[in-house]
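Presented below is the structure to which this report refers.
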Number of protein chains: 2
Amino acid sequence: MQRGGPVEGTPAEGAVFLTALTAGPIARVDIARETGLSSAAVTRVAKLLIDEGYLEYAPDQPATSDETRMGRPSSPLRVHARQTGSFGIIVRRDELIGVVCDLAGAPRVSERRPLAENTVDAAVAAIAAFYRELVARADEAGFVVAPHDLGLSLSGDIDHDTGYVRYSPFLGWRDVDLGAAVSRAIGAPVVVENDVKALTVAEQWFGLGRGITNFAVVTIGTGIGCAIVVDGGLVRGAHSVAGEIGHLPLGDPSVQCHCGAHGCVEAEASTKALLDSCRAATGRDDLTIETAVELARSGDERVRAIFARAGRLIGLALASVANLLGPERVIVAGEGVSSYDLFETAIREAFAEQAFGAAHQVPIHVRDLPFEEWARGAAAVAIQELVFPSRQRVAADVRRRPGVRRV
Amino acid sequence: MQRGGPVEGTPAEGAVFLTALTAGPIARVDIARETGLSSAAVTRVAKLLIDEGYLEYAPDQPATSDETRMGRPSSPLRVHARQTGSFGIIVRRDELIGVVCDLAGAPRVSERRPLAENTVDAAVAAIAAFYRELVARADEAGFVVAPHDLGLSLSGDIDHDTGYVRYSPFLGWRDVDLGAAVSRAIGAPVVVENDVKALTVAEQWFGLGRGITNFAVVTIGTGIGCAIVVDGGLVRGAHSVAGEIGHLPLGDPSVQCHCGAHGCVEAEASTKALLDSCRAATGRDDLTIETAVELARSGDERVRAIFARAGRLIGLALASVANLLGPERVIVAGEGVSSYDLFETAIREAFAEQAFGAAHQVPIHVRDLPFEEWARGAAAVAIQELVFPSRQRVAADVRRRPGVRRV
């Protein structure tokens, strides 16, 4: 895990750590069953991870000093929560939300800062300044701040392997080498991930994805996003494109989307699309999304019909995911969940109509998660990188040559 | 792999066998790299698999007798092709197509028989009679016929874990305990799989899926089907529903599908839907799909437009898979490929329009595969069951109690 030390970041080490993280406190015999590793391998790896401070025995089962030294086979193990701080920042159009998590992924510090300007340079400078503030806060809180620890998430088409932002419509960015730029600015490695994918890692480890191996997170709001976990792994896509549920052509083929295609779910169901439609239907250009929601709740049928239409497309999109992938559950999140009452009936009806065969059994869970939880997802991606360092990373020494390097 | 013998069907044994099967002849050092197993583990498992007749040294690199006995680390290994016959049968509406494959998956016997009647009882009797003929042919060809070897595939919603057919529209079957019935009739275990998923296992091991870990197979023809491989694993879905691309609502919302939903791709693009539309457009009730294709090729614009419309929906469906999953490639197969010239332009245009961002780079490969290749897929599923016997199987002794049992 930390390069150069006796912990090497082998798949076995990653599997034992991740099992302790997501299922701990857990006995070694159960880690062996969960991971498929032999008991001998688990014992060897667990000892190494304990010696290096990644794992510890859960204190609620006191052992004799001999047993503590030897490690009783049944002593439950858990992640040593305080060892290392992991930093996660989500970049939104007008705000940065950051958390510092302990190694077990629990947020211990959380802050928000406005993002005044959307140019790349301004955003990189703001992220770097915010990161330094978070480091200072983490230091005050007694964290060991290691140089492999910033997870950054934002919406759009992100190449997680290189830290490259191909296209982020809400920030107006195309082809931005963000990971390298932030890494240069803070002097530490950075991992960059699509915000919905990062949130999904947090759900998988700590939320409604715990203990299941196939699920999807669909987010509604500014964009209509999705991330998919299959057989326990996040689907990232061969070209870093995956989960683009907002661009399934389930809507009106005469409506053009900002992506250039027609009939996209996002073109009728995003917050901006909803607001444009509500303004056109009512003739009130002063409407905000909040006042539009109020109008709908007060019974305005024109506005209610627009939310119901969006709900129908979201329901068809959920059914499409269910028909193609058959997840165990679908989790709906995103800021649009705050007005879920206006979508719900249409979502459920469209899903029930279109889900094929047994797919209609897939349960839909609605989660009203604050952006701190999304930032925690970015920190989880940083922890993931620590545990499974097999992918490319944007390292602090990129300034020595342009682009990125493999670690 | 065979229960009771020294080969136990551990994940390591399965991984070594599968690597030799799909990448062999291959040196043990390369098996270790591919599987992530240690060299010592590969050496131990390979020795066991050689001793039990599953693997052999490739003969093109002669070794000294000492080296043969010890197994030189660089000696390439491959599957011992002749040891065991695997049987695969695909059930179509009016025909059974069967193959007998050696353990390396190469078809060594292949036969077709008409299926006169679609009742479950008649089909089970016909499958059993056909299986016995295939066993006799395999016996003549010198195969060891083991009692764990019939893979059966058919279209529809199939529960692979139990051998249960939930719904097969083209056979008109609902809730049929097919695996148990065929197993009773032949006195041997049976695995049942959706036909497109079975074909995809064959593509993964022996076709265009070899060496890649993320791809999709989309079939056009009687139905519009799809199977998806993510991170090297076939997506089966939590409720055995996955790959139902034919029931994405990308078409005309006023058209009802046989599944009850509206706007399904299959409702406009299946062979039957195409034929119905061509008959309506031309007023010619005598049209068959073959004569409709001839009409289109001779320039009939009414019929050409119907094929182009179907092509457009297929292209949108391919783009939906690309947007959600980002496969490395998409393979188009199925009997509809024989008239691919009538679909192609519309498929490519719709795909290019709708694929999001980098997903437009996903290459589309067209494969004109005979039904023997589909039957080989069913045999591959039987081999898969031999190699990774972790799932439920329909065993010969189900007659002792109704339903199925876990092995």
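As shown in the structure tokens, the chain order sets the letters A, B, ...; within each chain, residues go from 1, and ligands are also counted from 1 in the order they appear.
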Compute the chain B side of the contact with chain A at 8 Å, counting only C-alpha atoms, and hand it back as an MDAnalysis selection string. chainID B and resid 157 167 214 230:231 233 235:245 247:250 259:262 316 319:320 322:328 353:354 356:359 361
Write a file of the just-selected residues containing C-alpha atoms, as a PDB file, in the first residue's frame.
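The new file result09.pdb reads:
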ATOM      1  CA  ASP B 157     -35.757 -15.179 -19.505  1.00  0.00           C
ATOM      2  CA  TYR B 167     -40.549 -16.848 -20.120  1.00  0.00           C
ATOM      3  CA  ASN B 214     -15.447  -5.659 -21.561  1.00  0.00           C
ATOM      4  CA  VAL B 230     -17.850  -6.680 -17.630  1.00  0.00           C
ATOM      5  CA  ASP B 231     -14.382  -7.131 -16.149  1.00  0.00           C
ATOM      6  CA  GLY B 233     -17.518 -11.795 -16.157  1.00  0.00           C
ATOM      7  CA  VAL B 235     -23.501 -10.149 -16.444  1.00  0.00           C
ATOM      8  CA  ARG B 236     -26.341 -12.435 -15.393  1.00  0.00           C
ATOM      9  CA  GLY B 237     -28.352  -9.964 -13.305  1.00  0.00           C
ATOM     10  CA  ALA B 238     -29.664 -10.310  -9.778  1.00  0.00           C
ATOM     11  CA  HIS B 239     -33.008 -11.689 -10.961  1.00  0.00           C
ATOM     12  CA  SER B 240     -31.496 -13.515 -13.953  1.00  0.00           C
ATOM     13  CA  VAL B 241     -32.594 -10.571 -16.081  1.00  0.00           C
ATOM     14  CA  ALA B 242     -29.796  -8.833 -17.959  1.00  0.00           C
ATOM     15  CA  GLY B 243     -29.085  -7.841 -21.531  1.00  0.00           C
ATOM     16  CA  GLU B 244     -32.748  -7.187 -22.383  1.00  0.00           C
ATOM     17  CA  ILE B 245     -31.782  -4.629 -24.985  1.00  0.00           C
ATOM     18  CA  HIS B 247     -37.013  -4.028 -24.311  1.00  0.00           C
ATOM     19  CA  LEU B 248     -35.363  -0.619 -24.103  1.00  0.00           C
ATOM     20  CA  PRO B 249     -38.110   1.905 -24.917  1.00  0.00           C
ATOM     21  CA  LEU B 250     -36.320   3.610 -27.806  1.00  0.00           C
ATOM     22  CA  CYS B 259     -43.980  -8.144 -23.388  1.00  0.00           C
ATOM     23  CA  GLY B 260     -46.779  -5.685 -22.605  1.00  0.00           C
ATOM     24  CA  ALA B 261     -44.610  -2.545 -22.562  1.00  0.00           C
ATOM     25  CA  HIS B 262     -44.536   0.155 -25.239  1.00  0.00           C
ATOM     26  CA  LEU B 316     -29.792   3.671 -30.684  1.00  0.00           C
ATOM     27  CA  ALA B 319     -25.411   3.503 -28.329  1.00  0.00           C
ATOM     28  CA  SER B 320     -27.372   2.941 -25.109  1.00  0.00           C
ATOM     29  CA  ALA B 322     -22.059   2.018 -25.092  1.00  0.00           C
ATOM     30  CA  ASN B 323     -23.231   4.996 -22.996  1.00  0.00           C
ATOM     31  CA  LEU B 324     -24.086   2.874 -19.964  1.00  0.00           C
ATOM     32  CA  LEU B 325     -21.188   0.412 -20.047  1.00  0.00           C
ATOM     33  CA  GLY B 326     -18.450   1.638 -22.358  1.00  0.00           C
ATOM     34  CA  PRO B 327     -17.517  -1.779 -23.811  1.00  0.00           C
ATOM     35  CA  GLU B 328     -14.246  -2.195 -25.720  1.00  0.00           C
ATOM     36  CA  GLU B 353     -25.471  10.464 -33.275  1.00  0.00           C
ATOM     37  CA  GLN B 354     -26.245   9.031 -29.858  1.00  0.00           C
ATOM     38  CA  PHE B 356     -21.824  10.015 -25.785  1.00  0.00           C
ATOM     39  CA  GLY B 357     -18.335  11.508 -25.848  1.00  0.00           C
ATOM     40  CA  ALA B 358     -15.592   8.912 -26.230  1.00  0.00           C
ATOM     41  CA  ALA B 359     -18.192   6.119 -26.542  1.00  0.00           C
ATOM     42  CA  GLN B 361     -15.025   5.175 -30.538  1.00  0.00           C
TER      43      GLN B 361
END
Output as an MDAnalysis selection string all residues of segment 68-187 of chain B that backbone DSSP marks as alpha helix (DSSP H). chainID B and resid 68:70 120:140 178:186
Give me the residues near Val45 of chain B as a VMD selection string, where near means some atom within 10 Å (using only C-alpha atoms) and where sequence neighbours in that chain fewer than 6 positions away do not count. chain B and resid 7 10 12 to 17 39 51
Just N, CA, C and O atoms for this one: save the residues we selected as an mmCIF file, in the first residue's frame.
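Result saved to again_30.cif:
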data_model
loop_
_atom_site.group_PDB
_atom_site.id
_atom_site.type_symbol
_atom_site.label_atom_id
_atom_site.label_comp_id
_atom_site.auth_asym_id
_atom_site.auth_seq_id
_atom_site.Cartn_x
_atom_site.Cartn_y
_atom_site.Cartn_z
ATOM 1 N N VAL B 7 -8.832 -33.238 -7.953
ATOM 2 C CA VAL B 7 -9.121 -31.894 -8.458
ATOM 3 C C VAL B 7 -10.439 -31.453 -7.831
ATOM 4 O O VAL B 7 -11.450 -32.135 -7.926
ATOM 5 N N THR B 10 -11.358 -25.644 -7.119
ATOM 6 C CA THR B 10 -11.059 -24.385 -6.426
ATOM 7 C C THR B 10 -10.980 -23.249 -7.441
ATOM 8 O O THR B 10 -10.788 -23.494 -8.645
ATOM 9 N N ALA B 12 -8.535 -21.323 -7.935
ATOM 10 C CA ALA B 12 -7.218 -21.356 -8.577
ATOM 11 C C ALA B 12 -7.211 -22.383 -9.708
ATOM 12 O O ALA B 12 -6.685 -22.126 -10.798
ATOM 13 N N GLU B 13 -7.810 -23.561 -9.470
ATOM 14 C CA GLU B 13 -7.867 -24.568 -10.532
ATOM 15 C C GLU B 13 -8.659 -24.055 -11.731
ATOM 16 O O GLU B 13 -8.257 -24.218 -12.879
ATOM 17 N N GLY B 14 -9.792 -23.416 -11.428
ATOM 18 C CA GLY B 14 -10.611 -22.867 -12.508
ATOM 19 C C GLY B 14 -9.852 -21.818 -13.297
ATOM 20 O O GLY B 14 -9.889 -21.798 -14.532
ATOM 21 N N ALA B 15 -9.134 -20.953 -12.595
ATOM 22 C CA ALA B 15 -8.424 -19.860 -13.267
ATOM 23 C C ALA B 15 -7.304 -20.397 -14.150
ATOM 24 O O ALA B 15 -7.098 -19.929 -15.275
ATOM 25 N N VAL B 16 -6.572 -21.403 -13.650
ATOM 26 C CA VAL B 16 -5.465 -21.970 -14.439
ATOM 27 C C VAL B 16 -6.031 -22.680 -15.667
ATOM 28 O O VAL B 16 -5.543 -22.509 -16.791
ATOM 29 N N PHE B 17 -7.100 -23.470 -15.464
ATOM 30 C CA PHE B 17 -7.693 -24.187 -16.595
ATOM 31 C C PHE B 17 -8.196 -23.213 -17.651
ATOM 32 O O PHE B 17 -7.937 -23.357 -18.847
ATOM 33 N N SER B 39 3.689 -18.037 -8.632
ATOM 34 C CA SER B 39 4.289 -19.083 -9.462
ATOM 35 C C SER B 39 4.155 -20.438 -8.792
ATOM 36 O O SER B 39 3.880 -21.449 -9.445
ATOM 37 N N ASP B 51 -1.830 -34.216 -14.078
ATOM 38 C CA ASP B 51 -1.964 -35.592 -13.572
ATOM 39 C C ASP B 51 -3.370 -36.130 -13.800
ATOM 40 O O ASP B 51 -3.552 -37.321 -14.062
#
For Ser168 of chain B, please output as number ranges by chain all residues within 9 Å (counting only C-alpha atoms; exclusion window: fewer than 6 positions along the same chain). B: 154-158, 174-175
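What separates atom CA of Ser38 of chain A from atom CA of Ser38 of chain B is a distance of 13.2 Å.
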Residue set, segment 142-347 of chain B restricted to strand (DSSP E), as a PyMOL selection string: chain B and resi 150-154+157-159+164-168+173-176+190-194+215-219+225-230+233-234+329-333
Residues as selected, N, CA and C atoms, written as a tab-separated table (two decimals), in the first residue's frame, can you do that?
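What follows is the written file part22.tsv:
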chain	number	residue	atom	x	y	z
B	150	LEU	N	-24.37	-31.73	-20.33
B	150	LEU	CA	-25.28	-31.12	-21.31
B	150	LEU	C	-25.55	-29.66	-20.98
B	151	GLY	N	-25.14	-28.82	-21.91
B	151	GLY	CA	-25.52	-27.41	-21.86
B	151	GLY	C	-26.65	-27.18	-22.84
B	152	LEU	N	-27.71	-26.52	-22.36
B	152	LEU	CA	-28.91	-26.33	-23.16
B	152	LEU	C	-29.14	-24.83	-23.24
B	153	SER	N	-29.38	-24.30	-24.44
B	153	SER	CA	-29.64	-22.86	-24.51
B	153	SER	C	-30.91	-22.61	-25.31
B	154	LEU	N	-31.60	-21.56	-24.92
B	154	LEU	CA	-32.79	-21.13	-25.65
B	154	LEU	C	-33.04	-19.67	-25.35
B	157	ASP	N	-36.15	-15.50	-20.88
B	157	ASP	CA	-35.76	-15.18	-19.50
B	157	ASP	C	-35.50	-16.50	-18.78
B	158	ILE	N	-34.21	-16.85	-18.68
B	158	ILE	CA	-33.80	-18.15	-18.16
B	158	ILE	C	-33.10	-17.95	-16.82
B	159	ASP	N	-33.42	-18.72	-15.82
B	159	ASP	CA	-32.68	-18.67	-14.57
B	159	ASP	C	-31.57	-19.72	-14.62
B	164	TYR	N	-34.46	-23.00	-14.77
B	164	TYR	CA	-35.87	-22.68	-14.89
B	164	TYR	C	-36.08	-21.69	-16.05
B	165	VAL	N	-37.06	-21.96	-16.91
B	165	VAL	CA	-37.42	-21.02	-17.98
B	165	VAL	C	-38.57	-20.17	-17.47
B	166	ARG	N	-38.30	-18.90	-17.21
B	166	ARG	CA	-39.37	-18.04	-16.72
B	166	ARG	C	-40.31	-17.67	-17.85
B	167	TYR	N	-39.72	-17.30	-18.99
B	167	TYR	CA	-40.55	-16.85	-20.12
B	167	TYR	C	-39.72	-16.98	-21.38
B	168	SER	N	-40.22	-17.75	-22.34
B	168	SER	CA	-39.56	-17.84	-23.64
B	168	SER	C	-40.62	-17.55	-24.70
B	173	TRP	N	-43.38	-20.47	-23.91
B	173	TRP	CA	-43.29	-21.13	-22.60
B	173	TRP	C	-43.23	-20.10	-21.48
B	174	ARG	N	-43.92	-20.40	-20.39
B	174	ARG	CA	-43.82	-19.61	-19.16
B	174	ARG	C	-43.63	-20.56	-18.00
B	175	ASP	N	-42.70	-20.25	-17.11
B	175	ASP	CA	-42.51	-20.99	-15.86
B	175	ASP	C	-42.38	-22.50	-16.10
B	176	VAL	N	-41.36	-22.86	-16.84
B	176	VAL	CA	-41.11	-24.27	-17.16
B	176	VAL	C	-39.82	-24.69	-16.44
B	190	VAL	N	-27.84	-31.14	-16.16
B	190	VAL	CA	-28.09	-30.22	-17.26
B	190	VAL	C	-27.87	-28.80	-16.76
B	191	VAL	N	-27.21	-27.97	-17.56
B	191	VAL	CA	-27.21	-26.53	-17.27
B	191	VAL	C	-27.99	-25.85	-18.38
B	192	VAL	N	-28.79	-24.87	-18.00
B	192	VAL	CA	-29.62	-24.15	-18.97
B	192	VAL	C	-29.19	-22.69	-18.96
B	193	GLU	N	-29.10	-22.11	-20.14
B	193	GLU	CA	-28.67	-20.71	-20.23
B	193	GLU	C	-29.42	-20.04	-21.37
B	194	ASN	N	-29.65	-18.76	-21.21
B	194	ASN	CA	-30.15	-17.94	-22.31
B	194	ASN	C	-29.23	-18.09	-23.52
B	215	PHE	N	-17.04	-6.36	-23.22
B	215	PHE	CA	-17.65	-6.31	-24.55
B	215	PHE	C	-19.11	-6.72	-24.46
B	216	ALA	N	-19.83	-6.49	-25.54
B	216	ALA	CA	-21.24	-6.87	-25.58
B	216	ALA	C	-21.51	-7.58	-26.90
B	217	VAL	N	-22.38	-8.57	-26.85
B	217	VAL	CA	-22.88	-9.22	-28.05
B	217	VAL	C	-24.35	-8.84	-28.19
B	218	VAL	N	-24.70	-8.29	-29.33
B	218	VAL	CA	-26.09	-7.93	-29.61
B	218	VAL	C	-26.55	-8.79	-30.78
B	219	THR	N	-27.71	-9.46	-30.60
B	219	THR	CA	-28.21	-10.31	-31.67
B	219	THR	C	-29.47	-9.72	-32.25
B	225	GLY	N	-31.52	-9.41	-28.87
B	225	GLY	CA	-30.94	-9.83	-27.60
B	225	GLY	C	-29.59	-9.21	-27.35
B	226	CYS	N	-29.08	-9.42	-26.16
B	226	CYS	CA	-27.78	-8.83	-25.81
B	226	CYS	C	-27.22	-9.56	-24.61
B	227	ALA	N	-25.92	-9.77	-24.60
B	227	ALA	CA	-25.25	-10.23	-23.39
B	227	ALA	C	-24.01	-9.39	-23.22
B	228	ILE	N	-23.65	-9.17	-21.97
B	228	ILE	CA	-22.64	-8.18	-21.64
B	228	ILE	C	-21.58	-8.82	-20.76
B	229	VAL	N	-20.32	-8.60	-21.11
B	229	VAL	CA	-19.22	-9.05	-20.28
B	229	VAL	C	-18.55	-7.82	-19.67
B	230	VAL	N	-18.48	-7.79	-18.35
B	230	VAL	CA	-17.85	-6.68	-17.63
B	230	VAL	C	-16.72	-7.25	-16.78
B	233	GLY	N	-16.41	-10.96	-16.62
B	233	GLY	CA	-17.52	-11.80	-16.16
B	233	GLY	C	-18.79	-11.52	-16.94
B	234	LEU	N	-19.54	-12.57	-17.25
B	234	LEU	CA	-20.82	-12.42	-17.92
B	234	LEU	C	-21.83	-11.84	-16.93
B	329	ARG	N	-15.67	-3.31	-27.34
B	329	ARG	CA	-16.24	-3.52	-28.66
B	329	ARG	C	-17.65	-4.08	-28.52
B	330	VAL	N	-18.42	-3.93	-29.58
B	330	VAL	CA	-19.75	-4.53	-29.64
B	330	VAL	C	-19.77	-5.47	-30.84
B	331	ILE	N	-20.26	-6.68	-30.62
B	331	ILE	CA	-20.34	-7.69	-31.67
B	331	ILE	C	-21.82	-7.85	-32.02
B	332	VAL	N	-22.16	-7.69	-33.29
B	332	VAL	CA	-23.54	-7.89	-33.73
B	332	VAL	C	-23.63	-9.24	-34.43
B	333	ALA	N	-24.55	-10.08	-33.97
B	333	ALA	CA	-24.72	-11.41	-34.54
B	333	ALA	C	-26.22	-11.70	-34.65
Show me, as a PyMOL selection string, the residues that have an atom within 10 Å of segment 130-137 of chain B when counting only C-alpha atoms, minus same-chain residues fewer than 6 positions from it. chain B and resi 85-89+96-100+108-113+124+143-146+150+182+185-186
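In this comparison, which uses only C-alpha atoms, the residue of B:Leu21, B:Ala104, B:Ala41, B:Leu342 approaching Ser298 of chain B most closely is B:Leu342.
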Which residues, written as JSON, numbers by chain, have at least one atom at most 10 Å from Ile50 of chain A, with only C-alpha atoms counted and residues fewer than 2 positions away on the same chain left out? {"A": [45, 46, 47, 48, 52, 53, 54, 55, 56, 57, 71, 77, 78, 79, 80]}
Would you mind exporting N, CA, C and O atoms of the selected residues as a JSON list (two decimals), in the first residue's frame?
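Listed below is the output, selection.json:
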[["chain", "number", "residue", "atom", "x", "y", "z"],
["A", 45, "VAL", "N", -1.09, -11.79, 5.89],
["A", 45, "VAL", "CA", -1.36, -10.42, 5.42],
["A", 45, "VAL", "C", -1.87, -9.56, 6.58],
["A", 45, "VAL", "O", -1.47, -8.40, 6.74],
["A", 46, "ALA", "N", -2.75, -10.12, 7.40],
["A", 46, "ALA", "CA", -3.31, -9.34, 8.51],
["A", 46, "ALA", "C", -2.20, -8.92, 9.47],
["A", 46, "ALA", "O", -2.18, -7.78, 9.95],
["A", 47, "LYS", "N", -1.27, -9.83, 9.73],
["A", 47, "LYS", "CA", -0.16, -9.49, 10.65],
["A", 47, "LYS", "C", 0.63, -8.31, 10.10],
["A", 47, "LYS", "O", 0.95, -7.35, 10.82],
["A", 48, "LEU", "N", 0.92, -8.36, 8.79],
["A", 48, "LEU", "CA", 1.67, -7.28, 8.15],
["A", 48, "LEU", "C", 0.90, -5.96, 8.26],
["A", 48, "LEU", "O", 1.47, -4.92, 8.61],
["A", 52, "GLU", "N", 2.00, -2.60, 10.34],
["A", 52, "GLU", "CA", 2.23, -1.32, 9.67],
["A", 52, "GLU", "C", 1.18, -0.28, 10.03],
["A", 52, "GLU", "O", 1.16, 0.81, 9.46],
["A", 53, "GLY", "N", 0.25, -0.65, 10.91],
["A", 53, "GLY", "CA", -0.69, 0.35, 11.41],
["A", 53, "GLY", "C", -1.95, 0.53, 10.59],
["A", 53, "GLY", "O", -2.72, 1.46, 10.82],
["A", 54, "TYR", "N", -2.20, -0.35, 9.61],
["A", 54, "TYR", "CA", -3.43, -0.22, 8.83],
["A", 54, "TYR", "C", -4.63, -0.86, 9.53],
["A", 54, "TYR", "O", -5.74, -0.38, 9.44],
["A", 55, "LEU", "N", -4.39, -1.99, 10.20],
["A", 55, "LEU", "CA", -5.47, -2.70, 10.89],
["A", 55, "LEU", "C", -5.16, -2.76, 12.37],
["A", 55, "LEU", "O", -4.02, -2.61, 12.80],
["A", 56, "GLU", "N", -6.22, -3.02, 13.15],
["A", 56, "GLU", "CA", -6.04, -3.23, 14.58],
["A", 56, "GLU", "C", -7.11, -4.22, 15.05],
["A", 56, "GLU", "O", -8.11, -4.44, 14.36],
["A", 57, "TYR", "N", -6.87, -4.80, 16.22],
["A", 57, "TYR", "CA", -7.92, -5.63, 16.81],
["A", 57, "TYR", "C", -9.00, -4.74, 17.39],
["A", 57, "TYR", "O", -8.69, -3.71, 18.00],
["A", 71, "GLY", "N", -2.25, -12.82, 17.98],
["A", 71, "GLY", "CA", -3.45, -12.62, 17.18],
["A", 71, "GLY", "C", -4.32, -13.87, 17.22],
["A", 71, "GLY", "O", -4.08, -14.82, 16.49],
["A", 77, "LEU", "N", -10.98, -8.02, 13.45],
["A", 77, "LEU", "CA", -10.08, -6.97, 12.97],
["A", 77, "LEU", "C", -10.90, -5.82, 12.39],
["A", 77, "LEU", "O", -11.98, -6.01, 11.87],
["A", 78, "ARG", "N", -10.32, -4.63, 12.49],
["A", 78, "ARG", "CA", -10.95, -3.48, 11.83],
["A", 78, "ARG", "C", -9.84, -2.56, 11.35],
["A", 78, "ARG", "O", -8.67, -2.70, 11.75],
["A", 79, "VAL", "N", -10.21, -1.62, 10.52],
["A", 79, "VAL", "CA", -9.23, -0.64, 10.06],
["A", 79, "VAL", "C", -8.85, 0.28, 11.21],
["A", 79, "VAL", "O", -9.71, 0.68, 12.01],
["A", 80, "HIS", "N", -7.57, 0.56, 11.32],
["A", 80, "HIS", "CA", -7.08, 1.51, 12.32],
["A", 80, "HIS", "C", -7.46, 2.91, 11.85],
["A", 80, "HIS", "O", -6.79, 3.50, 11.00]]
Considering only C-alpha atoms, return as number ranges by chain whatever protein or nucleic-acid residues lie within 12 Å of Thr291 of chain B, sequence-local ones (same chain, fewer than 5 positions apart) excluded. B: 274-275, 278-279, 282, 284-286, 296-298, 300, 303, 339
Keeping only N, CA and C atoms, take the residues you just selected and write them out as an mmCIF file, in the first residue's frame.
data_model
loop_
_atom_site.group_PDB
_atom_site.id
_atom_site.type_symbol
_atom_site.label_atom_id
_atom_site.label_comp_id
_atom_site.auth_asym_id
_atom_site.auth_seq_id
_atom_site.Cartn_x
_atom_site.Cartn_y
_atom_site.Cartn_z
ATOM 1 N N LEU B 274 -40.741 -6.626 -38.429
ATOM 2 C CA LEU B 274 -40.366 -6.164 -39.768
ATOM 3 C C LEU B 274 -41.330 -6.710 -40.815
ATOM 4 N N LEU B 275 -41.607 -8.016 -40.699
ATOM 5 C CA LEU B 275 -42.459 -8.658 -41.694
ATOM 6 C C LEU B 275 -43.879 -8.073 -41.649
ATOM 7 N N CYS B 278 -43.789 -4.710 -43.285
ATOM 8 C CA CYS B 278 -43.616 -4.796 -44.748
ATOM 9 C C CYS B 278 -44.917 -5.232 -45.415
ATOM 10 N N ARG B 279 -45.619 -6.190 -44.797
ATOM 11 C CA ARG B 279 -46.901 -6.630 -45.361
ATOM 12 C C ARG B 279 -47.903 -5.480 -45.366
ATOM 13 N N THR B 282 -46.980 -2.785 -48.047
ATOM 14 C CA THR B 282 -47.098 -3.170 -49.465
ATOM 15 C C THR B 282 -48.466 -3.749 -49.796
ATOM 16 N N ARG B 284 -49.144 -6.731 -49.293
ATOM 17 C CA ARG B 284 -48.894 -8.106 -49.759
ATOM 18 C C ARG B 284 -48.762 -9.052 -48.569
ATOM 19 N N ASP B 285 -49.845 -9.784 -48.295
ATOM 20 C CA ASP B 285 -49.843 -10.699 -47.153
ATOM 21 C C ASP B 285 -49.025 -11.954 -47.409
ATOM 22 N N ASP B 286 -48.626 -12.165 -48.663
ATOM 23 C CA ASP B 286 -47.842 -13.362 -48.992
ATOM 24 C C ASP B 286 -46.347 -13.171 -48.742
ATOM 25 N N ALA B 296 -36.648 -5.241 -50.812
ATOM 26 C CA ALA B 296 -35.839 -4.095 -50.361
ATOM 27 C C ALA B 296 -34.579 -3.976 -51.214
ATOM 28 N N ARG B 297 -33.945 -5.105 -51.460
ATOM 29 C CA ARG B 297 -32.701 -5.060 -52.243
ATOM 30 C C ARG B 297 -32.964 -4.653 -53.689
ATOM 31 N N SER B 298 -34.186 -4.931 -54.159
ATOM 32 C CA SER B 298 -34.507 -4.535 -55.533
ATOM 33 C C SER B 298 -34.915 -3.061 -55.597
ATOM 34 N N ASP B 300 -37.322 -1.324 -53.436
ATOM 35 C CA ASP B 300 -38.634 -0.876 -52.953
ATOM 36 C C ASP B 300 -38.453 0.060 -51.757
ATOM 37 N N VAL B 303 -40.266 -0.683 -48.328
ATOM 38 C CA VAL B 303 -39.672 -1.755 -47.542
ATOM 39 C C VAL B 303 -38.289 -1.341 -47.020
ATOM 40 N N SER B 339 -29.127 -9.958 -43.545
ATOM 41 C CA SER B 339 -29.582 -8.796 -44.328
ATOM 42 C C SER B 339 -29.047 -7.499 -43.727
#
